[in-house]
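Text of the file data.cif, holding mmCIF, C-alpha atoms:
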```
data_run
#
loop_
_atom_site.label_atom_id
_atom_site.label_comp_id
_atom_site.auth_asym_id
_atom_site.auth_seq_id
_atom_site.Cartn_x
_atom_site.Cartn_y
_atom_site.Cartn_z
CA MET A 343 25.54 15.71 -56.49
CA ILE A 344 27.90 14.16 -53.95
CA ASN A 345 25.97 12.46 -51.17
CA PHE A 346 27.61 12.17 -47.77
CA SER A 347 26.87 11.94 -44.07
CA LYS A 348 28.68 13.60 -41.20
CA GLU A 349 28.90 13.06 -37.49
CA VAL A 350 31.19 14.11 -34.67
CA LEU A 351 32.42 11.43 -32.30
CA PRO A 352 32.36 12.15 -28.53
CA ASN A 353 36.13 12.76 -28.61
CA GLY A 354 35.69 15.48 -31.22
CA LEU A 355 36.71 13.59 -34.35
CA THR A 356 34.68 14.71 -37.36
CA PHE A 357 33.75 11.70 -39.49
CA ILE A 358 32.39 12.01 -43.03
CA HIS A 359 31.16 9.05 -45.08
CA HIS A 360 30.61 8.92 -48.83
CA HIS A 361 29.20 5.75 -50.38
CA ASP A 362 30.21 4.85 -53.94
CA GLU A 363 29.14 1.36 -54.92
CA THR A 364 30.69 1.64 -58.39
CA THR A 365 34.24 1.17 -57.13
CA PRO A 366 36.05 -1.77 -55.52
CA PHE A 367 38.20 0.64 -53.53
CA VAL A 368 37.94 2.72 -50.40
CA VAL A 369 39.73 5.93 -49.49
CA VAL A 370 40.61 6.77 -45.90
CA ASN A 371 41.50 10.46 -45.81
CA THR A 372 42.65 12.15 -42.61
CA LEU A 373 42.97 15.93 -42.55
CA TYR A 374 44.56 17.64 -39.56
CA LYS A 375 43.73 21.29 -39.03
CA VAL A 376 47.35 22.33 -38.72
CA GLY A 377 49.47 24.10 -41.30
CA SER A 378 52.41 26.43 -41.37
CA LYS A 379 50.23 29.29 -40.10
CA ASP A 380 50.01 27.48 -36.74
CA GLU A 381 53.77 27.58 -36.22
CA ASP A 382 55.83 29.90 -34.08
CA GLU A 383 57.65 32.41 -36.28
CA ASN A 384 60.95 31.33 -34.73
CA ARG A 385 60.22 27.62 -35.20
CA THR A 386 58.79 27.22 -38.68
CA GLY A 387 58.63 24.23 -41.00
CA PHE A 388 57.16 21.95 -38.32
CA ALA A 389 53.88 21.22 -40.12
CA HIS A 390 55.79 20.02 -43.16
CA LEU A 391 58.28 18.14 -41.02
CA PHE A 392 55.38 16.26 -39.46
CA GLU A 393 54.05 15.30 -42.87
CA HIS A 394 57.26 13.22 -43.09
CA LEU A 395 57.44 12.15 -39.44
CA MET A 396 53.96 10.63 -39.67
CA PHE A 397 55.43 7.90 -41.90
CA SER A 398 58.02 6.89 -39.28
CA GLY A 399 55.79 4.18 -37.89
CA SER A 400 53.85 3.93 -34.65
CA LYS A 401 53.57 1.74 -31.56
CA HIS A 402 51.79 -1.20 -33.21
CA PHE A 403 52.98 -0.59 -36.77
CA PRO A 404 56.73 0.15 -36.84
CA ASP A 405 56.60 0.30 -40.67
CA PHE A 406 53.66 2.36 -41.89
CA ASP A 407 54.00 1.59 -45.60
CA LYS A 408 54.48 -2.18 -45.48
CA PRO A 409 50.94 -3.14 -44.32
CA LEU A 410 49.42 -0.91 -47.00
CA GLN A 411 51.63 -2.33 -49.72
CA GLU A 412 50.73 -5.87 -48.66
CA ALA A 413 47.07 -4.81 -48.86
CA SER A 414 47.56 -3.59 -52.47
CA GLY A 415 47.19 -0.02 -51.26
CA GLU A 416 48.87 3.32 -51.75
CA ASN A 417 49.24 6.43 -49.64
CA ASN A 418 50.60 9.93 -49.64
CA ALA A 419 50.28 13.31 -47.92
CA PHE A 420 50.61 17.02 -48.48
CA THR A 421 50.90 20.14 -46.36
CA ASN A 422 50.02 23.77 -46.94
CA ASN A 423 49.62 26.94 -44.91
CA ASP A 424 46.23 25.88 -43.52
CA TYR A 425 46.17 22.11 -43.04
CA THR A 426 47.94 18.76 -43.49
CA ASN A 427 46.26 15.93 -45.38
CA TYR A 428 47.00 12.18 -45.40
CA TYR A 429 45.28 9.63 -47.61
CA ASP A 430 45.26 5.87 -48.08
CA VAL A 431 43.62 3.93 -50.93
CA VAL A 432 43.01 0.18 -50.63
CA PRO A 433 40.64 -2.47 -51.97
CA VAL A 434 37.52 -2.25 -49.85
CA ILE A 435 38.11 -5.73 -48.43
CA ASN A 436 41.18 -4.31 -46.67
CA ILE A 437 39.51 -1.23 -45.21
CA GLU A 438 40.50 -2.03 -41.62
CA ILE A 439 44.22 -1.77 -42.39
CA PRO A 440 44.35 2.00 -43.11
CA LEU A 441 41.92 2.69 -40.28
CA ALA A 442 44.14 0.83 -37.83
CA LEU A 443 47.25 2.56 -39.17
CA GLU A 444 45.76 6.05 -38.99
CA ALA A 445 44.34 5.56 -35.51
CA ASP A 446 47.66 4.25 -34.22
CA ARG A 447 49.73 7.11 -35.57
CA MET A 448 47.19 9.59 -34.26
CA THR A 449 47.97 8.39 -30.76
CA HIS A 450 51.29 6.50 -30.73
CA LEU A 451 53.59 8.00 -33.34
CA ASN A 452 57.24 6.93 -33.15
CA ILE A 453 58.90 10.18 -32.17
CA ASN A 454 62.47 9.37 -31.25
CA LYS A 455 65.97 10.55 -32.02
CA LYS A 456 66.37 8.18 -34.96
CA SER A 457 63.08 9.05 -36.69
CA LEU A 458 63.64 12.77 -36.17
CA ASN A 459 67.17 12.64 -37.56
CA VAL A 460 66.08 10.67 -40.63
CA GLN A 461 63.09 12.87 -41.50
CA ARG A 462 64.85 16.11 -40.62
CA LYS A 463 67.57 15.18 -43.11
CA VAL A 464 64.96 14.50 -45.80
CA VAL A 465 63.22 17.82 -45.19
CA CYS A 466 66.48 19.77 -45.10
CA GLU A 467 67.56 18.24 -48.41
CA GLU A 468 64.19 19.17 -49.90
CA PHE A 469 64.62 22.72 -48.63
CA LYS A 470 68.10 22.97 -50.20
CA GLU A 471 67.09 21.33 -53.48
CA ASN A 472 63.87 23.24 -54.12
CA TYR A 473 64.31 26.55 -52.32
CA ILE A 474 68.04 27.28 -52.11
CA ASN A 475 69.70 25.62 -55.09
CA LEU A 476 66.83 25.82 -57.59
CA PRO A 477 66.68 28.95 -59.78
CA TYR A 478 64.00 31.34 -58.42
CA GLY A 479 63.59 28.88 -55.52
CA ASN A 480 63.39 31.50 -52.79
CA ALA A 481 61.04 33.80 -54.71
CA TRP A 482 58.06 32.89 -52.56
CA HIS A 483 60.02 33.38 -49.38
CA LEU A 484 60.76 36.91 -50.55
CA LEU A 485 57.28 37.62 -51.91
CA ARG A 486 55.39 36.36 -48.87
CA GLU A 487 57.65 38.21 -46.46
CA MET A 488 57.13 41.42 -48.42
CA THR A 489 53.36 41.04 -48.89
CA TYR A 490 52.18 39.92 -45.45
CA GLU A 491 52.84 42.18 -42.47
CA LYS A 492 51.37 40.20 -39.56
CA HIS A 493 49.74 37.02 -40.79
CA PRO A 494 51.86 33.83 -40.58
CA TYR A 495 51.26 33.35 -44.29
CA LYS A 496 54.41 35.47 -44.50
CA TRP A 497 56.49 32.30 -44.61
CA PRO A 498 55.95 29.32 -46.96
CA THR A 499 55.05 25.81 -45.88
CA ILE A 500 58.64 24.57 -46.11
CA GLY A 501 59.56 27.04 -43.37
CA LYS A 502 60.98 30.51 -42.99
CA GLU A 503 64.58 29.35 -42.87
CA LEU A 504 66.45 26.05 -42.95
CA LYS A 505 67.91 26.55 -39.47
CA HIS A 506 64.49 26.18 -37.82
CA VAL A 507 64.19 22.56 -38.94
CA GLU A 508 67.88 21.85 -38.41
CA ASP A 509 67.58 22.96 -34.77
CA ALA A 510 64.29 21.15 -34.04
CA THR A 511 64.56 19.09 -30.84
CA LEU A 512 62.67 16.01 -29.73
CA GLU A 513 60.86 18.14 -27.20
CA ASP A 514 59.85 20.64 -29.89
CA VAL A 515 58.32 18.04 -32.20
CA GLN A 516 56.67 16.11 -29.36
CA CYS A 517 54.95 19.29 -28.20
CA PHE A 518 53.78 20.03 -31.75
CA TYR A 519 52.38 16.50 -32.09
CA ASP A 520 50.66 16.56 -28.71
CA LYS A 521 49.08 19.91 -29.48
CA TYR A 522 47.71 19.36 -32.98
CA TYR A 523 47.51 15.64 -33.76
CA GLN A 524 44.33 15.08 -31.82
CA PRO A 525 40.93 13.65 -32.83
CA SER A 526 39.21 16.99 -32.20
CA ASN A 527 41.61 18.59 -34.67
CA ALA A 528 41.03 16.00 -37.39
CA ILE A 529 38.53 15.30 -40.14
CA LEU A 530 38.30 11.66 -41.20
CA VAL A 531 36.67 10.78 -44.52
CA VAL A 532 35.85 7.23 -45.54
CA ALA A 533 34.78 7.11 -49.18
CA GLY A 534 34.11 4.12 -51.38
CA ASN A 535 32.15 0.90 -51.59
CA VAL A 536 31.44 0.59 -47.88
CA THR A 537 28.07 1.17 -46.26
CA LYS A 538 27.46 3.91 -43.76
CA GLU A 539 26.66 1.39 -41.03
CA ASN A 540 29.84 -0.59 -41.59
CA ALA A 541 31.96 2.55 -41.81
CA ASN A 542 30.47 3.95 -38.60
CA THR A 543 31.16 0.71 -36.75
CA LEU A 544 34.77 0.54 -37.92
CA VAL A 545 35.54 4.20 -37.26
CA THR A 546 34.06 3.95 -33.77
CA THR A 547 36.07 0.77 -33.13
CA TYR A 548 39.40 2.26 -34.15
CA PHE A 549 39.02 5.92 -33.22
CA GLY A 550 36.25 6.07 -30.65
CA ASN A 551 38.41 5.27 -27.64
CA ILE A 552 41.07 7.92 -28.35
CA GLU A 553 41.01 10.39 -25.49
CA PRO A 554 39.64 13.84 -26.31
CA LYS A 555 41.80 16.90 -26.04
CA LYS A 556 40.83 20.48 -26.81
CA VAL A 557 42.81 22.23 -29.51
CA GLU A 558 42.83 26.00 -29.67
CA HIS A 559 43.74 27.92 -32.80
CA LYS A 560 44.90 31.50 -32.95
CA LYS A 561 43.02 34.05 -34.99
CA PHE A 562 45.07 36.23 -37.25
CA GLU A 563 44.54 39.67 -38.70
CA GLU A 564 46.24 41.32 -41.63
CA PRO A 565 46.12 45.12 -42.08
CA LEU A 566 44.92 46.66 -45.32
CA GLN A 567 47.76 47.68 -47.62
CA THR A 568 47.90 51.31 -48.71
CA VAL A 569 51.46 51.67 -50.04
CA ALA A 570 53.01 49.77 -52.94
CA LYS A 571 55.99 47.58 -52.09
CA THR A 572 58.87 46.68 -54.39
CA LYS A 573 61.91 44.47 -53.96
CA THR A 574 64.72 43.65 -56.40
CA VAL A 575 67.17 40.76 -56.13
CA HIS A 576 69.95 39.66 -58.46
CA GLU A 577 70.69 35.95 -58.68
CA ASP A 578 72.24 33.40 -61.00
CA VAL A 579 69.11 32.74 -63.08
CA PRO A 580 68.64 32.31 -66.85
CA LEU A 581 65.94 34.96 -67.35
CA ASN A 582 64.59 37.99 -65.51
CA MET A 583 61.27 37.41 -63.76
CA VAL A 584 58.67 39.72 -62.31
CA TYR A 585 56.14 38.75 -59.64
CA ILE A 586 53.20 41.02 -58.75
CA ALA A 587 51.02 39.99 -55.80
CA PHE A 588 47.83 41.51 -54.41
CA LYS A 589 46.14 40.52 -51.17
CA MET A 590 42.62 39.28 -51.84
CA CYS A 591 39.64 37.99 -49.90
CA ASP A 592 39.52 34.82 -47.83
CA ARG A 593 38.40 31.45 -49.21
CA LEU A 594 34.79 31.75 -48.05
CA HIS A 595 34.18 35.26 -49.36
CA PRO A 596 31.83 35.42 -52.41
CA ASP A 597 34.52 37.32 -54.34
CA TYR A 598 36.88 34.35 -54.09
CA TYR A 599 35.03 32.86 -57.05
CA VAL A 600 35.31 36.11 -58.97
CA ALA A 601 39.07 36.21 -58.41
CA ASP A 602 39.38 32.59 -59.48
CA LEU A 603 37.62 33.31 -62.78
CA ILE A 604 39.70 36.45 -63.34
CA SER A 605 42.88 34.40 -63.01
CA ASP A 606 41.54 32.00 -65.64
CA ILE A 607 40.53 34.84 -67.96
CA MET A 608 44.03 36.22 -67.70
CA SER A 609 46.11 33.10 -68.17
CA THR A 610 44.38 29.72 -68.48
CA GLY A 611 44.93 28.24 -71.93
CA ASN A 612 46.65 29.44 -75.08
CA SER A 613 43.78 31.80 -75.88
CA SER A 614 43.99 33.63 -72.55
CA ARG A 615 44.72 37.35 -72.44
CA LEU A 616 48.22 37.34 -71.02
CA THR A 617 49.40 34.52 -73.27
CA GLN A 618 47.89 35.96 -76.44
CA ARG A 619 48.95 39.56 -75.89
CA LEU A 620 52.17 39.47 -73.89
CA VAL A 621 53.72 36.20 -75.05
CA LYS A 622 52.54 35.73 -78.61
CA LYS A 623 51.88 39.29 -79.79
CA GLU A 624 54.29 41.50 -77.83
CA LYS A 625 56.86 38.73 -77.27
CA ALA A 626 57.65 40.44 -73.97
CA PHE A 627 57.47 37.22 -71.96
CA VAL A 628 58.58 33.66 -72.52
CA SER A 629 55.81 32.55 -70.18
CA ILE A 630 53.34 34.27 -67.89
CA GLU A 631 50.54 33.17 -65.60
CA ALA A 632 48.00 34.50 -63.14
CA TYR A 633 46.72 32.46 -60.22
CA ILE A 634 45.31 32.65 -56.71
CA THR A 635 46.53 30.94 -53.55
CA ALA A 636 43.06 29.91 -52.28
CA SER A 637 44.17 30.45 -48.69
CA ASN A 638 41.63 30.03 -45.91
CA ASP A 639 42.38 33.53 -44.65
CA VAL A 640 43.72 36.50 -46.62
CA GLY A 641 44.74 35.06 -49.98
CA LEU A 642 46.92 36.30 -52.82
CA PHE A 643 46.24 37.05 -56.46
CA CYS A 644 49.55 36.70 -58.31
CA VAL A 645 50.91 37.38 -61.74
CA GLU A 646 54.37 36.05 -62.56
CA GLY A 647 56.23 36.09 -65.83
CA LYS A 648 59.60 35.17 -67.28
CA ILE A 649 60.70 38.15 -69.34
CA ALA A 650 62.07 37.49 -72.81
CA ASP A 651 65.84 37.82 -72.96
CA GLY A 652 66.81 41.38 -73.78
CA TYR A 653 63.32 42.81 -73.27
CA ASP A 654 63.12 45.91 -71.10
CA ILE A 655 62.05 45.00 -67.55
CA GLU A 656 60.05 48.15 -66.85
CA LYS A 657 58.25 47.95 -70.18
CA ALA A 658 57.35 44.30 -69.56
CA THR A 659 55.98 45.20 -66.12
CA ASP A 660 53.97 48.08 -67.59
CA LEU A 661 52.39 45.65 -70.06
CA ILE A 662 51.12 43.54 -67.15
CA TRP A 663 49.61 46.63 -65.55
CA GLN A 664 47.95 47.58 -68.82
CA GLU A 665 46.19 44.20 -68.87
CA LEU A 666 45.16 44.44 -65.22
CA THR A 667 43.78 47.98 -65.50
CA LEU A 668 42.04 47.13 -68.75
CA LEU A 669 39.68 45.09 -66.60
CA HIS A 670 38.80 48.37 -64.82
CA THR A 671 37.70 50.18 -67.95
CA GLU A 672 36.42 47.50 -70.31
CA LYS A 673 33.99 44.79 -69.38
CA ILE A 674 34.89 41.31 -70.48
CA THR A 675 32.43 39.76 -72.90
CA ASP A 676 29.77 37.31 -71.84
CA ILE A 677 31.33 34.76 -74.19
CA GLU A 678 34.77 35.14 -72.58
CA LEU A 679 33.29 34.68 -69.12
CA LEU A 680 31.16 31.73 -70.23
CA LYS A 681 34.18 29.99 -71.72
CA CYS A 682 36.06 30.25 -68.42
CA LYS A 683 33.04 29.05 -66.47
CA ASN A 684 32.70 26.03 -68.73
CA LYS A 685 36.36 25.14 -68.25
CA MET A 686 35.94 25.46 -64.51
CA LEU A 687 32.78 23.35 -64.40
CA THR A 688 34.30 20.68 -66.64
CA SER A 689 37.28 20.43 -64.31
CA THR A 690 34.93 20.17 -61.32
CA LYS A 691 32.87 17.40 -62.90
CA PHE A 692 36.02 15.49 -63.78
CA ALA A 693 37.26 15.77 -60.19
CA GLU A 694 33.92 14.51 -58.87
CA SER A 695 34.37 11.30 -60.88
CA ASN A 696 37.55 10.51 -58.99
CA LEU A 697 37.05 8.84 -55.61
CA LEU A 698 40.27 10.13 -54.05
CA SER A 699 39.59 13.67 -55.23
CA THR A 700 36.08 13.49 -53.73
CA ALA A 701 37.38 12.29 -50.37
CA ILE A 702 40.02 15.02 -50.21
CA SER A 703 37.49 17.66 -51.25
CA LEU A 704 35.00 16.64 -48.58
CA ALA A 705 37.68 17.00 -45.91
CA TYR A 706 38.84 20.31 -47.35
CA TYR A 707 35.37 21.83 -47.50
CA GLU A 708 34.68 20.64 -43.97
CA VAL A 709 37.80 22.40 -42.69
CA LEU A 710 36.34 25.52 -44.29
CA GLY A 711 33.24 24.89 -42.20
CA ASN A 712 30.82 23.42 -44.74
CA ALA A 713 31.42 20.06 -46.41
CA ASN A 714 28.39 20.65 -48.62
CA LEU A 715 30.35 23.31 -50.52
CA ILE A 716 31.30 20.36 -52.69
CA ASN A 717 27.76 20.60 -54.05
CA GLU A 718 27.26 24.36 -53.80
CA GLU A 719 30.32 25.85 -55.48
CA GLU A 720 29.15 25.20 -59.03
CA GLU A 721 26.26 27.61 -58.57
CA LYS A 722 28.57 30.20 -57.04
CA TYR A 723 30.64 30.23 -60.25
CA VAL A 724 27.59 30.15 -62.51
CA SER A 725 26.05 33.21 -60.80
CA ILE A 726 29.03 35.49 -61.54
CA VAL A 727 28.41 38.17 -64.16
CA THR A 728 30.72 40.51 -66.09
CA ASP A 729 29.95 43.38 -63.69
CA ASP A 730 31.40 41.30 -60.84
CA VAL A 731 34.66 40.88 -62.73
CA GLN A 732 35.01 44.60 -63.38
CA ARG A 733 34.04 45.54 -59.83
CA TYR A 734 36.54 43.20 -58.18
CA ALA A 735 39.32 44.07 -60.62
CA LYS A 736 38.90 47.72 -59.65
CA GLU A 737 39.05 46.76 -56.00
CA ILE A 738 42.26 44.73 -55.95
CA PHE A 739 44.34 45.72 -58.99
CA VAL A 740 45.51 49.00 -57.52
CA LYS A 741 49.14 50.16 -57.51
CA GLU A 742 48.99 51.09 -53.80
CA LYS A 743 47.96 47.50 -53.01
CA SER A 744 50.63 45.83 -55.12
CA ASN A 745 53.75 43.93 -54.11
CA THR A 746 56.31 43.58 -56.88
CA LEU A 747 59.37 41.37 -56.82
CA PHE A 748 61.94 41.76 -59.57
CA TYR A 749 64.01 38.59 -59.71
CA LEU A 750 66.83 39.50 -62.06
CA LYS A 751 69.94 37.99 -63.59
CA LYS A 752 73.15 39.02 -61.89
CA SER A 753 74.25 40.69 -65.09
CA ALA A 754 71.12 42.88 -65.16
CA THR A 755 71.40 46.47 -63.95
#
```

File written out as structure tokens:
Amino acid sequence: MINFSKEVLPNGLTFIHHHDETTPFVVVNTLYKVGSKDEDENRTGFAHLFEHLMFSGSKHFPDFDKPLQEASGENNAFTNNDYTNYYDVVPVINIEIPLALEADRMTHLNINKKSLNVQRKVVCEEFKENYINLPYGNAWHLLREMTYEKHPYKWPTIGKELKHVEDATLEDVQCFYDKYYQPSNAILVVAGNVTKENANTLVTTYFGNIEPKKVEHKKFEEPLQTVAKTKTVHEDVPLNMVYIAFKMCDRLHPDYYVADLISDIMSTGNSSRLTQRLVKKEKAFVSIEAYITASNDVGLFCVEGKIADGYDIEKATDLIWQELTLLHTEKITDIELLKCKNKMLTSTKFAESNLLSTAISLAYYEVLGNANLINEEEEKYVSIVTDDVQRYAKEIFVKEKSNTLFYLKKSAT
């Protein structure tokens, strides 16, 4: 059981406190409710660009990292389609340093020609290295664009195309900052060996005087898919790959937990179905995995596999479909389901023992609308039965709802 308290400051900042007296550290985690889905389709990559720009210093702290390093602290950040998260970890005696840093860059970030040029170059190099020059690097650009028709999930967090970040102007990034980096669009978590009273006083001191500003978010819809989609590309890659994606429910839907367990049944561990049958027995794939995107809105259930050299591509794809449709006709055993549940619960318990993981999770569940999901999700997994697995498999693993990307070697025909 993770105990926490929550309050909303007059300026709209959501503040969550978790007391852990067993640690000498404190985590200051700031989540902004802005991800790549909040971008304009013709100006993408801004959420990720800001993940970097936020380390360019601010009015009172021209070097963000130096004060934290001097305080024996560490920090990092990550961005996805739904939100951007920043965290700082310091000895509790130095708690005021990250609070001062985060409050200052929430209001007085150094957005100038120099900082933009530096961070834009970093982001563009990352785009080239991981998405253009890396084998299979653009697979998710292709798969998302094919799968989503209207929802801005149709481009990845890095951006739809490199040119959008290359052409970003000071005015563009300033507008993005002014719109989304506001206290009412943020969730601040203070977790560690600091009392609620002390944390409240400090958060009010550093963040309470920031002026409120209303932030409006668009609502997105995605039509139901009724026709299968297929795309084939030929690139300079070592092995043929196949990706099959199905749109699934949103993160808060009860069937999210069913889909999560199905992905584990299919590919988590050496004893999983896809590994045992398609890698070890059939030797059709060098590697294969199933996973979900856990998106706040319409998510994806994906299967991707590297096909063994010389193995027939269509036959390999048919083997995946045989495993997916087998879930329609044959119930998994209670033992198989229990094993996956136990793995899931063990992973959850391990995460709960980590202070940083707890702080990030509290912010994440709050952005979903209920921070107490950190204590409720275990029961949601436990309550799933084999009938749920079969029912949901029948619902989503349908050819007409599939999106298949064949990523083939140039020599393949």

Evaluated on this file, the PyMOL selection byres ((chain A and resi 647-652) around 8) picks out some residues - which ones are they, written as an MDAnalysis selection string?
chainID A and resid 581:585 625:631 645:646 653:655 658

Name every residue that the PyMOL selection byres ((chain A and resi 663-680) around 7) selects in this structure, writing the answer as a list of chain:residue names with chains first and numbers rising.
A:Thr659, A:Asp660, A:Leu661, A:Ile662, A:Lys681, A:Cys682, A:Lys683, A:Asn684, A:Thr728, A:Gln732, A:Ala735, A:Lys736, A:Phe739

Take the point (40.2, 8.5, -23.7) in the file's coordinates, draw a sphere of radius 12 Å around it, and report as a ChimeraX atom specification every protein, DNA or RNA residue with an atom inside or on it, counting all atoms listed in the file.
/A:351-354,449,524-525,549-555

Write a file of the just-selected residues containing C-alpha atoms, as a PDB file, in the frame of the given file.
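The resulting file, out.pdb, is shown below:
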```
ATOM      1  CA  LEU A 351      32.420  11.430 -32.300  1.00  0.00           C
ATOM      2  CA  PRO A 352      32.360  12.150 -28.530  1.00  0.00           C
ATOM      3  CA  ASN A 353      36.130  12.760 -28.610  1.00  0.00           C
ATOM      4  CA  GLY A 354      35.690  15.480 -31.220  1.00  0.00           C
ATOM      5  CA  THR A 449      47.970   8.390 -30.760  1.00  0.00           C
ATOM      6  CA  GLN A 524      44.330  15.080 -31.820  1.00  0.00           C
ATOM      7  CA  PRO A 525      40.930  13.650 -32.830  1.00  0.00           C
ATOM      8  CA  PHE A 549      39.020   5.920 -33.220  1.00  0.00           C
ATOM      9  CA  GLY A 550      36.250   6.070 -30.650  1.00  0.00           C
ATOM     10  CA  ASN A 551      38.410   5.270 -27.640  1.00  0.00           C
ATOM     11  CA  ILE A 552      41.070   7.920 -28.350  1.00  0.00           C
ATOM     12  CA  GLU A 553      41.010  10.390 -25.490  1.00  0.00           C
ATOM     13  CA  PRO A 554      39.640  13.840 -26.310  1.00  0.00           C
ATOM     14  CA  LYS A 555      41.800  16.900 -26.040  1.00  0.00           C
TER      15      LYS A 555
END
```

One number please: atom CA of Tyr734 of chain A to atom CA of Glu564 of chain A, in Å, one decimal.
19.3 Å

Could you write out as JSON, numbers by chain the residues that the PyMOL selection byres ((chain A and resi 451) around 9) matches in the shown file?
{"A": [395, 396, 397, 398, 399, 400, 401, 446, 447, 448, 449, 450, 452, 453, 519]}

Mind working out the centre and edge lengths of an axis-aligned box for segment 621-624 of chain A, all listed atoms inside, 4 Å added to each side, rounded to one decimal in Å and written as lines of an AutoDock Vina configuration file?
```
center_x = 53.1
center_y = 38.6
center_z = -77.4
size_x = 10.4
size_y = 13.8
size_z = 12.7
```

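Closest approach to His493 of chain A among A:Ser637, A:Thr543, A:Ser695, A:Asn371: A:Ser637, based on only C-alpha atoms.
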
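Put simply, atom CA of His576 of chain A is 18.0 Å away from atom CA of Asn472 of chain A.
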
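Residues lying within 10 Å of Glu694 of chain A, counting all atoms listed in the file and ignoring same-chain neighbours fewer than 4 positions away, are Met343, Ile344, Thr688, Ser689, Thr690, Leu698, Ser699, Thr700, Ala701, Ser703, Ile716 and Asn717 of chain A.
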